[in-house]
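Asks: Right, I'll just put the structure down here and ask away after.
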Amino acid sequence: MRVVHEGRGGYVELDGRRYAIEHVEGGRFCVHFPGGQRHAWLDDDRAALERLVASAPGTWSLA
């Protein structure tokens, strides 16, 4: 997992797939996760992103 900050946004990269992040109130960052059609690797990526949020809930959220 790689987190890249680009100003008030950026992305989290997992195995070449990028999930956009944006700065929200209070210094937190929100990771945007796609809805809709589900693939097995999306479930794995969501679990990894949920672990990131759980490790620093004051910094991260998942939408």
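Following the order of the structure tokens, chains are lettered A, B, ..., residues in each are numbered from 1, and ligands are numbered from 1.
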Which residues, written as a PyMOL selection string, have at least one atom at most 7 Å from range 27-39 of chain A, with only C-alpha atoms counted and residues fewer than 2 positions away on the same chain left out?
Replies: chain A and resi 19-25+41-43+58-63
Asks: Quick one: pick out all alpha helix (DSSP H) residues within range 8-63 of chain A from a backbone DSSP run and write them as a compact mmCIF listing (two decimals) with all heavy atoms, in the first residue's frame.
Replies:
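This is the output file result08.txt:
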```txt
# COMPACT_ATOMS: atom_id res chain seq x y z
N ALA A 40 -13.74 -9.95 -6.65
CA ALA A 40 -13.05 -10.49 -5.47
C ALA A 40 -11.92 -9.57 -5.03
O ALA A 40 -11.72 -9.34 -3.84
CB ALA A 40 -12.52 -11.88 -5.77
N TRP A 41 -11.15 -9.02 -5.98
CA TRP A 41 -10.04 -8.16 -5.58
C TRP A 41 -10.54 -6.86 -4.94
O TRP A 41 -9.85 -6.27 -4.12
CB TRP A 41 -9.09 -7.87 -6.74
CG TRP A 41 -9.72 -7.34 -7.98
CD1 TRP A 41 -10.12 -8.06 -9.07
CD2 TRP A 41 -10.03 -5.98 -8.29
NE1 TRP A 41 -10.66 -7.23 -10.02
CE2 TRP A 41 -10.61 -5.95 -9.57
CE3 TRP A 41 -9.86 -4.78 -7.60
CZ2 TRP A 41 -11.02 -4.77 -10.18
CZ3 TRP A 41 -10.28 -3.61 -8.20
CH2 TRP A 41 -10.85 -3.62 -9.48
N LEU A 42 -11.77 -6.42 -5.28
CA LEU A 42 -12.31 -5.24 -4.62
C LEU A 42 -12.58 -5.52 -3.14
O LEU A 42 -12.36 -4.66 -2.29
CB LEU A 42 -13.62 -4.78 -5.28
CG LEU A 42 -13.48 -3.84 -6.47
CD1 LEU A 42 -14.84 -3.56 -7.08
CD2 LEU A 42 -12.81 -2.55 -6.08
N ASP A 43 -13.04 -6.73 -2.84
CA ASP A 43 -13.26 -7.09 -1.44
C ASP A 43 -11.94 -7.06 -0.67
O ASP A 43 -11.89 -6.58 0.47
CB ASP A 43 -13.90 -8.48 -1.33
CG ASP A 43 -15.33 -8.50 -1.86
OD1 ASP A 43 -15.98 -7.43 -1.87
OD2 ASP A 43 -15.79 -9.59 -2.23
N ASP A 44 -10.86 -7.57 -1.29
CA ASP A 44 -9.54 -7.55 -0.65
C ASP A 44 -9.06 -6.12 -0.45
O ASP A 44 -8.51 -5.78 0.60
CB ASP A 44 -8.52 -8.33 -1.48
CG ASP A 44 -8.83 -9.81 -1.56
OD1 ASP A 44 -9.58 -10.33 -0.70
OD2 ASP A 44 -8.31 -10.46 -2.49
N ASP A 45 -9.24 -5.27 -1.47
CA ASP A 45 -8.82 -3.88 -1.36
C ASP A 45 -9.62 -3.16 -0.27
O ASP A 45 -9.05 -2.39 0.51
CB ASP A 45 -9.00 -3.14 -2.69
CG ASP A 45 -7.94 -3.53 -3.72
OD1 ASP A 45 -7.10 -4.41 -3.43
OD2 ASP A 45 -7.97 -2.95 -4.82
N ARG A 46 -10.92 -3.39 -0.22
CA ARG A 46 -11.75 -2.75 0.81
C ARG A 46 -11.28 -3.16 2.20
O ARG A 46 -11.18 -2.33 3.11
CB ARG A 46 -13.22 -3.07 0.63
CG ARG A 46 -14.08 -2.34 1.66
CD ARG A 46 -15.56 -2.48 1.37
NE ARG A 46 -16.34 -1.71 2.32
CZ ARG A 46 -16.70 -0.45 2.17
NH1 ARG A 46 -16.38 0.20 1.08
NH2 ARG A 46 -17.41 0.17 3.09
N ALA A 47 -10.95 -4.44 2.39
CA ALA A 47 -10.46 -4.91 3.69
C ALA A 47 -9.15 -4.22 4.05
O ALA A 47 -8.95 -3.82 5.20
CB ALA A 47 -10.29 -6.43 3.67
N ALA A 48 -8.26 -4.04 3.08
CA ALA A 48 -6.99 -3.35 3.34
C ALA A 48 -7.23 -1.89 3.71
O ALA A 48 -6.59 -1.36 4.63
CB ALA A 48 -6.08 -3.45 2.11
N LEU A 49 -8.16 -1.24 3.01
CA LEU A 49 -8.47 0.16 3.32
C LEU A 49 -9.15 0.29 4.68
O LEU A 49 -8.89 1.25 5.42
CB LEU A 49 -9.34 0.76 2.22
CG LEU A 49 -8.65 0.91 0.86
CD1 LEU A 49 -9.65 1.32 -0.21
CD2 LEU A 49 -7.49 1.89 0.93
N GLU A 50 -9.98 -0.68 5.04
CA GLU A 50 -10.60 -0.67 6.37
C GLU A 50 -9.55 -0.82 7.46
O GLU A 50 -9.66 -0.21 8.53
CB GLU A 50 -11.66 -1.76 6.47
CG GLU A 50 -12.92 -1.43 5.69
CD GLU A 50 -13.91 -2.57 5.63
OE1 GLU A 50 -13.56 -3.73 5.95
OE2 GLU A 50 -15.06 -2.30 5.24
N ARG A 51 -8.51 -1.61 7.21
CA ARG A 51 -7.41 -1.73 8.18
C ARG A 51 -6.66 -0.41 8.32
O ARG A 51 -6.27 -0.02 9.42
CB ARG A 51 -6.46 -2.86 7.79
CG ARG A 51 -7.03 -4.25 8.03
CD ARG A 51 -5.97 -5.33 7.89
NE ARG A 51 -5.38 -5.40 6.56
CZ ARG A 51 -5.89 -6.07 5.53
NH1 ARG A 51 -7.02 -6.75 5.67
NH2 ARG A 51 -5.27 -6.08 4.37
N LEU A 52 -6.47 0.30 7.19
CA LEU A 52 -5.82 1.62 7.24
C LEU A 52 -6.63 2.56 8.11
O LEU A 52 -6.08 3.25 8.98
CB LEU A 52 -5.68 2.18 5.82
CG LEU A 52 -5.19 3.63 5.71
CD1 LEU A 52 -3.76 3.75 6.19
CD2 LEU A 52 -5.34 4.14 4.29
N VAL A 53 -7.95 2.61 7.90
CA VAL A 53 -8.83 3.49 8.69
C VAL A 53 -8.79 3.10 10.16
O VAL A 53 -8.69 3.96 11.04
CB VAL A 53 -10.27 3.44 8.14
CG1 VAL A 53 -11.24 4.15 9.06
CG2 VAL A 53 -10.33 4.04 6.74
N ALA A 54 -8.82 1.80 10.45
CA ALA A 54 -8.80 1.34 11.85
C ALA A 54 -7.48 1.68 12.53
O ALA A 54 -7.45 1.92 13.73
CB ALA A 54 -9.05 -0.17 11.90
N SER A 55 -6.39 1.72 11.77
CA SER A 55 -5.08 2.01 12.37
C SER A 55 -4.93 3.48 12.76
O SER A 55 -4.13 3.80 13.63
CB SER A 55 -3.96 1.62 11.40
OG SER A 55 -3.88 2.53 10.31
```
Asks: May I have the residues within 10 Å of Val4 in chain A as a list in words, using only C-alpha atoms and disregarding those fewer than 3 positions away in the same chain?
Replies: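 Within the cut-off, the hits are Met1, Gly7, Gly9, Gly10, Tyr11, Val12, Glu13, Arg18, Ala20 and Ile21 of chain A.
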Asks: Using backbone DSSP assignments, extract all strand (DSSP E or B) residues from chain A; output them as a list of chain:residue names.
Replies: A:Arg2, A:Val3, A:Val4, A:His5, A:Glu6, A:Gly9, A:Gly10, A:Tyr11, A:Val12, A:Glu13, A:Leu14, A:Arg17, A:Arg18, A:Tyr19, A:Ala20, A:Ile21, A:Glu22, A:His23, A:Phe29, A:Cys30, A:Val31, A:Trp60, A:Ser61, A:Leu62
Asks: Go ahead and save the picked residues with C-alpha atoms, as a PDB file, in the first residue's frame.
Replies:
```
ATOM      1  CA  ARG A   2       1.277   3.407  -0.959  1.00  0.00           C
ATOM      2  CA  VAL A   3      -0.284   6.735   0.048  1.00  0.00           C
ATOM      3  CA  VAL A   4       0.445   9.704  -2.210  1.00  0.00           C
ATOM      4  CA  HIS A   5      -0.564  13.198  -1.081  1.00  0.00           C
ATOM      5  CA  GLU A   6      -1.027  15.807  -3.797  1.00  0.00           C
ATOM      6  CA  GLY A   9      -6.021  15.205  -2.363  1.00  0.00           C
ATOM      7  CA  GLY A  10      -4.067  12.311  -3.735  1.00  0.00           C
ATOM      8  CA  TYR A  11      -4.595   8.564  -3.735  1.00  0.00           C
ATOM      9  CA  VAL A  12      -3.979   5.262  -2.011  1.00  0.00           C
ATOM     10  CA  GLU A  13      -2.438   2.698  -4.354  1.00  0.00           C
ATOM     11  CA  LEU A  14      -2.955  -1.049  -3.906  1.00  0.00           C
ATOM     12  CA  ARG A  17      -5.128   0.303  -8.432  1.00  0.00           C
ATOM     13  CA  ARG A  18      -5.659   3.843  -7.163  1.00  0.00           C
ATOM     14  CA  TYR A  19      -8.345   5.063  -4.785  1.00  0.00           C
ATOM     15  CA  ALA A  20      -8.745   8.835  -4.602  1.00  0.00           C
ATOM     16  CA  ILE A  21      -8.381  10.615  -1.280  1.00  0.00           C
ATOM     17  CA  GLU A  22      -9.497  14.100  -0.345  1.00  0.00           C
ATOM     18  CA  HIS A  23      -8.827  16.303   2.629  1.00  0.00           C
ATOM     19  CA  PHE A  29      -8.578  12.306   4.717  1.00  0.00           C
ATOM     20  CA  CYS A  30     -11.425  10.388   3.094  1.00  0.00           C
ATOM     21  CA  VAL A  31     -10.658   7.444   0.807  1.00  0.00           C
ATOM     22  CA  TRP A  60      -8.677   8.389   7.764  1.00  0.00           C
ATOM     23  CA  SER A  61     -12.265   7.605   6.819  1.00  0.00           C
ATOM     24  CA  LEU A  62     -13.737   5.481   4.041  1.00  0.00           C
TER      25      LEU A  62
END
```
